[in-house]
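Scroll down for the structure; my scribbles are underneath it.
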Amino acid sequence: MNDISDEVTDEENEEESRIKQGHYIMVKFPGKKRHYKYVCIVQKVTKTEIEVMAIVACDESKTVFKAKAN
């Protein structure tokens, strides 16, 4: 019989295992007055952190993207 803490840990591990290096994810970054959303490429995944590189549109038609400098 599993207790609730085991179930939460299992759910967290399952969620973490879905995010892998090279995946694209949407990330919300807090700003001073508002939040910014970026499409990001996952660079590195550890047990405690996910390192990403944001990409942004660089033309008006939003069909060409480039990496956003940190």
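Every chain in the structure tokens takes a letter, A first, then B, and so on in the order presented; its residues are numbered from 1, and the ligands are numbered from 1 following the presented order.
Around segment 39-48 of chain A, within 10 Å and counting only C-alpha atoms, the residues found are Asn13, Glu16, Ser17, Ile19, Lys20, Gln21, Gly22, His23, Tyr24, Ile25, Met26, Val27, Lys28, Lys37, Ile50, Glu51, Val52, Met53, Ala54, Ile55, Val56, Ala57, Ala67 and Lys68 of chain A, once anything fewer than 2 positions away on its own chain is removed.
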Deliver the residues from the most recent selection as a file, using N, CA and C atoms, as a PDB file, in the first residue's frame.
```pdb
ATOM      1  N   ASN A  13       8.427  12.328 -10.403  1.00  0.00           N
ATOM      2  CA  ASN A  13       9.438  11.633 -11.190  1.00  0.00           C
ATOM      3  C   ASN A  13       8.955  11.376 -12.601  1.00  0.00           C
ATOM      4  N   GLU A  16       9.167  14.715 -14.483  1.00  0.00           N
ATOM      5  CA  GLU A  16      10.562  15.030 -14.789  1.00  0.00           C
ATOM      6  C   GLU A  16      11.086  14.173 -15.924  1.00  0.00           C
ATOM      7  N   SER A  17      10.721  12.906 -15.965  1.00  0.00           N
ATOM      8  CA  SER A  17      11.247  12.008 -16.983  1.00  0.00           C
ATOM      9  C   SER A  17      10.695  12.341 -18.371  1.00  0.00           C
ATOM     10  N   ILE A  19      10.555  15.413 -19.616  1.00  0.00           N
ATOM     11  CA  ILE A  19      11.339  16.530 -20.140  1.00  0.00           C
ATOM     12  C   ILE A  19      12.755  16.037 -20.378  1.00  0.00           C
ATOM     13  N   LYS A  20      13.181  16.086 -21.638  1.00  0.00           N
ATOM     14  CA  LYS A  20      14.494  15.581 -22.002  1.00  0.00           C
ATOM     15  C   LYS A  20      15.258  16.631 -22.799  1.00  0.00           C
ATOM     16  N   GLN A  21      16.560  16.503 -22.825  1.00  0.00           N
ATOM     17  CA  GLN A  21      17.411  17.405 -23.590  1.00  0.00           C
ATOM     18  C   GLN A  21      16.948  17.415 -25.045  1.00  0.00           C
ATOM     19  N   GLY A  22      16.847  18.614 -25.621  1.00  0.00           N
ATOM     20  CA  GLY A  22      16.418  18.761 -27.010  1.00  0.00           C
ATOM     21  C   GLY A  22      14.931  19.013 -27.170  1.00  0.00           C
ATOM     22  N   HIS A  23      14.136  18.805 -26.124  1.00  0.00           N
ATOM     23  CA  HIS A  23      12.701  19.077 -26.201  1.00  0.00           C
ATOM     24  C   HIS A  23      12.444  20.582 -26.213  1.00  0.00           C
ATOM     25  N   TYR A  24      11.341  20.970 -26.818  1.00  0.00           N
ATOM     26  CA  TYR A  24      10.896  22.361 -26.795  1.00  0.00           C
ATOM     27  C   TYR A  24       9.816  22.490 -25.734  1.00  0.00           C
ATOM     28  N   ILE A  25       9.918  23.529 -24.891  1.00  0.00           N
ATOM     29  CA  ILE A  25       8.920  23.772 -23.861  1.00  0.00           C
ATOM     30  C   ILE A  25       8.601  25.261 -23.800  1.00  0.00           C
ATOM     31  N   MET A  26       7.430  25.616 -23.282  1.00  0.00           N
ATOM     32  CA  MET A  26       7.048  27.005 -23.060  1.00  0.00           C
ATOM     33  C   MET A  26       7.383  27.345 -21.617  1.00  0.00           C
ATOM     34  N   VAL A  27       8.124  28.452 -21.419  1.00  0.00           N
ATOM     35  CA  VAL A  27       8.563  28.847 -20.081  1.00  0.00           C
ATOM     36  C   VAL A  27       8.119  30.276 -19.822  1.00  0.00           C
ATOM     37  N   LYS A  28       7.612  30.524 -18.607  1.00  0.00           N
ATOM     38  CA  LYS A  28       7.214  31.873 -18.208  1.00  0.00           C
ATOM     39  C   LYS A  28       8.269  32.431 -17.267  1.00  0.00           C
ATOM     40  N   LYS A  37       6.817  35.083 -21.811  1.00  0.00           N
ATOM     41  CA  LYS A  37       6.760  33.681 -22.200  1.00  0.00           C
ATOM     42  C   LYS A  37       7.669  33.474 -23.400  1.00  0.00           C
ATOM     43  N   ILE A  50      16.402  22.402 -14.632  1.00  0.00           N
ATOM     44  CA  ILE A  50      16.288  22.233 -16.070  1.00  0.00           C
ATOM     45  C   ILE A  50      16.890  23.489 -16.696  1.00  0.00           C
ATOM     46  N   GLU A  51      17.952  23.332 -17.468  1.00  0.00           N
ATOM     47  CA  GLU A  51      18.609  24.460 -18.127  1.00  0.00           C
ATOM     48  C   GLU A  51      18.032  24.596 -19.528  1.00  0.00           C
ATOM     49  N   VAL A  52      17.603  25.812 -19.878  1.00  0.00           N
ATOM     50  CA  VAL A  52      16.973  26.035 -21.178  1.00  0.00           C
ATOM     51  C   VAL A  52      17.647  27.181 -21.913  1.00  0.00           C
ATOM     52  N   MET A  53      17.424  27.220 -23.231  1.00  0.00           N
ATOM     53  CA  MET A  53      17.845  28.335 -24.060  1.00  0.00           C
ATOM     54  C   MET A  53      16.592  28.852 -24.766  1.00  0.00           C
ATOM     55  N   ALA A  54      16.260  30.128 -24.525  1.00  0.00           N
ATOM     56  CA  ALA A  54      15.064  30.719 -25.125  1.00  0.00           C
ATOM     57  C   ALA A  54      15.318  31.030 -26.590  1.00  0.00           C
ATOM     58  N   ILE A  55      14.280  30.884 -27.411  1.00  0.00           N
ATOM     59  CA  ILE A  55      14.364  31.307 -28.807  1.00  0.00           C
ATOM     60  C   ILE A  55      13.267  32.335 -29.048  1.00  0.00           C
ATOM     61  N   VAL A  56      13.570  33.339 -29.847  1.00  0.00           N
ATOM     62  CA  VAL A  56      12.620  34.420 -30.117  1.00  0.00           C
ATOM     63  C   VAL A  56      12.529  34.652 -31.615  1.00  0.00           C
ATOM     64  N   ALA A  57      11.364  35.139 -32.051  1.00  0.00           N
ATOM     65  CA  ALA A  57      11.172  35.466 -33.459  1.00  0.00           C
ATOM     66  C   ALA A  57      12.028  36.676 -33.813  1.00  0.00           C
ATOM     67  N   ALA A  67      18.356  32.195 -31.081  1.00  0.00           N
ATOM     68  CA  ALA A  67      18.542  32.010 -29.644  1.00  0.00           C
ATOM     69  C   ALA A  67      18.636  33.362 -28.969  1.00  0.00           C
ATOM     70  N   LYS A  68      18.016  33.480 -27.794  1.00  0.00           N
ATOM     71  CA  LYS A  68      18.057  34.712 -27.025  1.00  0.00           C
ATOM     72  C   LYS A  68      19.233  34.658 -26.074  1.00  0.00           C
TER      73      LYS A  68
END
```
- Message: Taking the DSSP secondary structure from the backbone, can you list the residues of segment 9-56 of chain A that are alpha helix (DSSP H), as a PyMOL selection string?
- Response: chain A and resi 9-18
- Query: Interatomic distance between atom CA of His35 of chain A and atom CA of Glu60 of chain A?
  - Reply: 21.4 Å
